[in-house]
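**Student:** Here's a structure for you.
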Amino acid sequence: MDFPAPPFHGLPMLRPWTLLLKDQVRIAADSPRYMQVAHGLIHEIERGRLLPGEFLPSSRELAATLDVNRKTIVTAYDELIAQGWLASAGTRGTMVSLSLPRNEAATRPAPPVMATEADDTEYPYLAAPDRPIAVPQGSWRKLDEGISDARLFPAEVLARAYRKAVEDASRANALHYRDPRGTLPLRNAVADMLRRQRGLTVTADHICVTRGSQMGIFLTARILIRPGDAVLVERLTYEPAVAAFRACGARIVTVGLDEDGIDVEDVERQCRLHRVRAVFVTPHHQFPTTVSMRPDRRLRLLDLARQFAFAIIEDDYDHEFHFSAQPLLPMASYAPARIIYAGSMSKLLVPALRIGYIAAAPRVIDALAYQISLIDGMGNSVTENAAADLLNSGEVRRQVRKTAPIYAARRDAFARSLEEELSGLVDYRVPDGGLAFWLRFRDPAMLDRIEAHAPAIGLSFAPSRSYAVEEENERGLRIGFASLTEQEARDVLRALRRCVEGTA
Ligand SMILES: Cc1ncc(COP(=O)(O)O)c(C=O)c1O
């Protein structure tokens, strides 16, 4: 059967919604009433509104809705059970059969659940690109590009913070529409963290909370870019940011990149050729290569930003995990006026919270907040205040202190397994910080084999071509180590080797 079955929720008494059938089952005078009810229900099943496994109203309820005798409904249900459209679930009631009769309807393609007319979507719309937009469902092992291990984050700590946030907001009658910049407790807590830990001179007025830093990057593009403006990105970079710039009309121009970060001479060259509106960089841990931008290049990039009047979008997505010497402060700490600084709590807490933020001049923050007011009015104030509580209570700091040594050990274990499993096949450097390795395979044919075999063994990861803006440029795999135990890392790397050897 083609229909998607709804989740089976046990007792029908727990149905959350009353099923409206009054308009679908019209009772006329010309044929037996139970047949009219039966036809109405078959029609609703055929068009995909009533799904297999779904419970129908009780005969008493439906009789009252349709204003017919209860016996009429009982007869209609009995008839449909006999035909295989419905099934009795004993005392729990009557449900749509899990295997519908194979008649003409069953051999037709499954009806679209939302669109009832074939030409419903035949208007011009901005289509999604031709690539998967979601992670695969099912029991895949999804390798990430460097996130913390959510298994190490205590659920009860988060639950407590949420409970407190809900109770406080309810007591203060603050569960209604609020400031689109985000709640004041979170903007204060983020500003406090940025001042103390990262050297930024900011207050809450410099902070706009977003649903993840991806939204912050998109909104920044939206307020900054006019169609045709050039945005400079390194030749290997973070594709979702590039996609956001393009979606806002940017012309993407790539510049060079080496062991010390962005090639600033190339930036200058491109500024002489194009009207450059913004430069996107990840100076702390370059995405995907993990290298840090050298201090003199940071200063030179800032000089160029002043000279050519472009904005620097500094994406500091995993600031807190740095394992070697004292890390450099963000560029935003010494040139606040030129920089739009995007931060995220996805690595600090968990991605599912969807908390990111932009730190920038207040007028930029107001422009972003206006965009937020157009999209969703405001952020999720309960989640924001729960996150503020976790920051203010020191829980986040405790979590970083607890996990940093674990991640450092996992990084070393990953490097050892790399040596054991893929030695001679890949070039890599052990990253000073961040939560991922950048693996460059010496022979691109190996990547072809890995990508061909991985689905068969249930392994999923970002495509090796997703990092280079221009397709003919380098490929590689960026694999997060922090979410993998030593054993898991070994298993994953061994699986990659088998893919290379063709023995997976
Ligand atoms: C370079 C980079 N920027 C931004 C993000 C977006 O993070 P989020 O939207 O979860 O805050 C990520 C996520 O992994 C990232 O790797």
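By convention in this document, the chains of the structure tokens carry letters A, B, ... by their order, each chain's residues are numbered from 1, and ligands are numbered from 1 in the order they are shown.
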Considering only C-alpha atoms, return as a PyMOL selection string whatever protein or nucleic-acid residues lie within 7 Å of region 207-220 of chain A, sequence-local ones (same chain, fewer than 4 positions apart) excluded.
**Tutor:** chain A and resi 181-182+187+191+224+241+244-245+342-344+354-360+365+368-369+371+379
**Student:** Write out as a PyMOL selection string which residues come within 10 Å of region 451-465 of chain A when counting only C-alpha atoms, dropping same-chain ones fewer than 5 positions away.
**Tutor:** chain A and resi 135-136+138-145+236+239+439-440+444-446+470-480+492+495-496+498-500+502-504
**Student:** From the DSSP assignment of the backbone, select every residue of region 132-262 of chain A that is helix (DSSP H, G or I), and format the answer as JSON, numbers by chain.
**Tutor:** {"A": [150, 151, 152, 155, 156, 157, 158, 159, 160, 161, 162, 163, 164, 165, 166, 167, 168, 169, 170, 171, 184, 185, 186, 187, 188, 189, 190, 191, 192, 193, 194, 195, 196, 197, 198, 204, 205, 206, 212, 213, 214, 215, 216, 217, 218, 219, 220, 221, 222, 223, 224, 239, 240, 241, 242, 243, 244, 245, 246, 247]}
**Student:** Would you please work out which residue, of A:Arg235, A:Val96, A:Leu328, A:Ala230, is nearest to Arg272 (chain A) when using only C-alpha atoms?
**Tutor:**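 Comparing A:Arg235, A:Val96, A:Leu328, A:Ala230 against Arg272 (chain A), the winner is A:Ala230.
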**Student:** Pick out each residue of region 231-411 of chain A that DSSP on the backbone tags as strand (DSSP E); I need them as a ChimeraX atom specification.
**Tutor:** /A:231-234,251-255,257-258,261-262,276-281,311-316,339-344,356-359
**Student:** Please produce a file of those selected residues containing N, CA and C atoms, as a tab-separated table (two decimals), in the first residue's frame.
**Tutor:**
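part.tsv written:
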```tsv
chain	number	residue	atom	x	y	z
A	231	VAL	N	30.07	38.93	-3.19
A	231	VAL	CA	30.46	38.49	-1.84
A	231	VAL	C	31.66	37.58	-2.03
A	232	LEU	N	32.73	37.87	-1.31
A	232	LEU	CA	33.94	37.05	-1.42
A	232	LEU	C	33.90	35.93	-0.39
A	233	VAL	N	34.21	34.74	-0.83
A	233	VAL	CA	34.35	33.59	0.08
A	233	VAL	C	35.63	32.86	-0.30
A	234	GLU	N	36.20	32.14	0.66
A	234	GLU	CA	37.38	31.34	0.35
A	234	GLU	C	37.00	30.20	-0.59
A	251	ARG	N	26.54	37.74	-6.09
A	251	ARG	CA	27.42	37.07	-7.03
A	251	ARG	C	28.60	36.58	-6.18
A	252	ILE	N	28.83	35.27	-6.17
A	252	ILE	CA	29.89	34.74	-5.31
A	252	ILE	C	31.21	34.78	-6.07
A	253	VAL	N	32.22	35.36	-5.43
A	253	VAL	CA	33.57	35.40	-6.02
A	253	VAL	C	34.49	34.69	-5.03
A	254	THR	N	35.26	33.72	-5.55
A	254	THR	CA	36.12	32.97	-4.62
A	254	THR	C	37.51	33.58	-4.56
A	255	VAL	N	38.11	33.44	-3.39
A	255	VAL	CA	39.50	33.90	-3.22
A	255	VAL	C	40.32	32.75	-2.65
A	257	LEU	N	43.12	30.48	-0.44
A	257	LEU	CA	43.14	30.02	0.95
A	257	LEU	C	44.36	29.14	1.10
A	258	ASP	N	45.11	29.31	2.22
A	258	ASP	CA	46.21	28.37	2.47
A	258	ASP	C	46.26	28.03	3.95
A	261	GLY	N	45.03	30.70	6.35
A	261	GLY	CA	43.71	31.30	6.15
A	261	GLY	C	43.58	32.00	4.81
A	262	ILE	N	42.70	32.98	4.76
A	262	ILE	CA	42.33	33.62	3.50
A	262	ILE	C	43.54	34.33	2.87
A	276	VAL	N	32.55	44.82	-4.13
A	276	VAL	CA	32.44	43.81	-3.08
A	276	VAL	C	31.66	44.37	-1.89
A	277	ARG	N	30.59	43.67	-1.54
A	277	ARG	CA	29.74	44.13	-0.44
A	277	ARG	C	30.15	43.48	0.88
A	278	ALA	N	30.60	42.22	0.80
A	278	ALA	CA	30.93	41.50	2.05
A	278	ALA	C	31.96	40.42	1.78
A	279	VAL	N	32.70	40.10	2.84
A	279	VAL	CA	33.62	38.96	2.80
A	279	VAL	C	33.21	38.03	3.93
A	280	PHE	N	33.01	36.77	3.60
A	280	PHE	CA	32.60	35.79	4.61
A	280	PHE	C	33.81	34.97	5.03
A	281	VAL	N	34.08	34.94	6.33
A	281	VAL	CA	35.23	34.16	6.82
A	281	VAL	C	34.90	33.42	8.11
A	311	ALA	N	31.70	44.79	4.30
A	311	ALA	CA	31.49	44.25	5.65
A	311	ALA	C	32.21	42.91	5.75
A	312	ILE	N	32.71	42.62	6.93
A	312	ILE	CA	33.26	41.28	7.16
A	312	ILE	C	32.23	40.50	7.97
A	313	ILE	N	31.82	39.37	7.42
A	313	ILE	CA	30.91	38.49	8.18
A	313	ILE	C	31.79	37.42	8.81
A	314	GLU	N	31.96	37.52	10.11
A	314	GLU	CA	32.84	36.60	10.83
A	314	GLU	C	31.97	35.52	11.47
A	315	ASP	N	32.06	34.33	10.95
A	315	ASP	CA	31.26	33.21	11.46
A	315	ASP	C	32.13	32.43	12.45
A	316	ASP	N	31.81	32.61	13.73
A	316	ASP	CA	32.62	31.97	14.79
A	316	ASP	C	31.80	30.84	15.39
A	339	ILE	N	32.51	44.71	11.52
A	339	ILE	CA	32.28	43.26	11.51
A	339	ILE	C	30.86	42.91	11.95
A	340	ILE	N	30.30	41.97	11.23
A	340	ILE	CA	29.05	41.37	11.66
A	340	ILE	C	29.43	39.97	12.13
A	341	TYR	N	29.28	39.77	13.42
A	341	TYR	CA	29.81	38.58	14.06
A	341	TYR	C	28.68	37.58	14.30
A	342	ALA	N	28.80	36.38	13.72
A	342	ALA	CA	27.76	35.37	13.89
A	342	ALA	C	28.25	34.30	14.85
A	343	GLY	N	27.46	34.04	15.88
A	343	GLY	CA	27.82	33.01	16.85
A	343	GLY	C	26.68	32.02	16.99
A	344	SER	N	27.00	30.89	17.62
A	344	SER	CA	26.02	29.82	17.72
A	344	SER	C	26.12	29.13	19.07
A	356	GLY	N	21.27	30.92	17.89
A	356	GLY	CA	22.45	31.59	17.37
A	356	GLY	C	22.28	33.06	17.67
A	357	TYR	N	23.24	33.84	17.28
A	357	TYR	CA	23.11	35.28	17.52
A	357	TYR	C	24.04	36.03	16.58
A	358	ILE	N	23.67	37.29	16.37
A	358	ILE	CA	24.55	38.20	15.65
A	358	ILE	C	24.95	39.29	16.63
A	359	ALA	N	26.25	39.60	16.64
A	359	ALA	CA	26.73	40.76	17.41
A	359	ALA	C	27.19	41.79	16.39
```
**Student:** One decimal, Å: what's the distance from CA of Asp443 (chain A) over to CA of Val469 (chain A), could you say?
**Tutor:** 20.0 Å
**Student:** Quote the spacing between CA of Asn392 (chain A) and CA of Ser373 (chain A) in Å to one decimal place.
**Tutor:**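 Pair CA of Asn392 (chain A) / CA of Ser373 (chain A) returns 26.9 Å.
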